[in-house]
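Trainee: Structure in structure tokens, see below.
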Amino acid sequence: MLALGAVFSWISLVFDYRRFFSSGGRALELSGCTVANPVVTPCFYGAMAFLAAFAWSVIVLGSAPAAAVGRQRRLQWLLVAGTLFAWGNLAWTTYSFFRPRPAASPFTCPPVEVPVNPLLAPCFYGAIIFLAALAVSLVMLRQREMRKPPRS
């Protein structure tokens, strides 16, 4: 699940960067752009979290059984944080999508970016993948703890 999330998030980030650069943005330009630099968007931080969680999961899978349980628990905290972050961003996207917008007038600029439908937003899919990864992690930890011999 985390490999899928990492690939999805980084592909989404590549598309965001392509859109940013094609609109005239420069690598270190953080403001005054028609399209936001992806480094200041939640997508960038979600992609970093997916990459970190995937790397951490590889470490957990390669760990000795005694160390794996503790590492798995710490990974779960990252997955909880990623899940809350993604669902929070989705809530903001949903709010932005349904918020009434003032009608355009001859004296105002048109909105730069039209709010995206929340069900089509990358954070919707990222939130689902983070939640699924958290569920898989919980099941794996529970199975590991059930197989652990009791202390005497």
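Chain lettering (A, B, ...) mirrors the order of the structure tokens, residue numbering begins at 1 for each chain separately, and ligand numbering begins at 1 in order of display.
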Show which residues sit within 12 Å of A:Leu138, as number ranges by chain. Count only C-alpha atoms, and ignore same-chain residues fewer than 2 positions away.
Mentor: A: 69, 72-77, 79-80, 131-136, 140-145
Trainee: Find the residues near stretch 49-55 of chain A: any atom within 9 Å, counting only C-alpha atoms, skip ones fewer than 3 places away on the same chain, and give them as a compact mmCIF listing (two decimals) with N, CA and C atoms, in the first residue's frame.
Mentor:
```
# COMPACT_ATOMS: atom_id res chain seq x y z
N MET A 1 0.82 -1.20 0.00
CA MET A 1 0.00 0.00 0.00
C MET A 1 0.86 1.27 0.00
N LEU A 2 1.93 1.24 0.79
CA LEU A 2 2.76 2.44 0.87
C LEU A 2 3.55 2.67 -0.41
N ALA A 3 3.95 1.60 -1.07
CA ALA A 3 4.62 1.76 -2.37
C ALA A 3 3.65 2.39 -3.37
N GLY A 5 1.09 4.29 -2.64
CA GLY A 5 0.92 5.69 -2.22
C GLY A 5 2.10 6.55 -2.63
N ALA A 6 3.31 6.03 -2.48
CA ALA A 6 4.50 6.80 -2.87
C ALA A 6 4.51 7.06 -4.37
N VAL A 7 4.24 6.03 -5.15
CA VAL A 7 4.24 6.20 -6.61
C VAL A 7 3.14 7.18 -7.02
N SER A 9 1.62 9.55 -5.27
CA SER A 9 1.85 10.92 -4.81
C SER A 9 2.96 11.60 -5.60
N TRP A 10 4.00 10.87 -5.95
CA TRP A 10 5.09 11.48 -6.69
C TRP A 10 4.71 11.72 -8.14
N PHE A 44 2.90 18.15 -1.78
CA PHE A 44 4.35 17.94 -1.61
C PHE A 44 4.64 17.23 -0.29
N TYR A 45 4.01 17.69 0.78
CA TYR A 45 4.26 17.11 2.10
C TYR A 45 3.64 15.72 2.22
N GLY A 46 2.52 15.49 1.56
CA GLY A 46 1.96 14.14 1.51
C GLY A 46 2.87 13.18 0.79
N VAL A 58 9.92 -0.70 4.77
CA VAL A 58 10.96 -1.62 4.28
C VAL A 58 11.91 -1.97 5.42
N ILE A 59 12.24 -0.98 6.24
CA ILE A 59 13.09 -1.24 7.40
C ILE A 59 12.40 -2.18 8.37
N VAL A 60 11.10 -1.98 8.60
CA VAL A 60 10.35 -2.85 9.52
C VAL A 60 10.33 -4.29 9.00
N LEU A 75 5.92 3.36 13.16
CA LEU A 75 5.42 3.58 11.80
C LEU A 75 3.92 3.91 11.84
N LEU A 78 3.27 7.53 12.34
CA LEU A 78 3.44 8.28 11.10
C LEU A 78 2.22 8.08 10.19
N LEU A 79 1.70 6.87 10.13
CA LEU A 79 0.52 6.60 9.31
C LEU A 79 -0.72 7.31 9.86
N GLY A 82 -0.22 10.93 8.85
CA GLY A 82 -0.46 11.07 7.41
C GLY A 82 -1.94 10.98 7.07
N GLY A 126 -5.04 9.96 -1.83
CA GLY A 126 -3.99 9.84 -0.83
C GLY A 126 -4.55 9.51 0.54
N PHE A 130 -3.60 6.21 2.58
CA PHE A 130 -3.06 6.30 3.94
C PHE A 130 -3.92 5.51 4.92
```
Trainee: Please return, as a PyMOL selection string, all residues of chain A that DSSP assigns to helix (DSSP H, G or I) on the basis of the backbone.
Mentor: chain A and resi 2-22+38-40+42-61+65-98+118-120+122-147
Trainee: Would you work out the distance separating atom CA of A:Thr93 from atom CA of A:Phe21, expressed in Å to one decimal?
Mentor: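 Taking atom CA of A:Thr93 as the start and atom CA of A:Phe21 as the end point, the length is 23.1 Å.
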Trainee: What separation in Å, quoted to one decimal, exists between atom CA of A:Phe85 and atom CA of A:Ala121?
Mentor: 14.3 Å
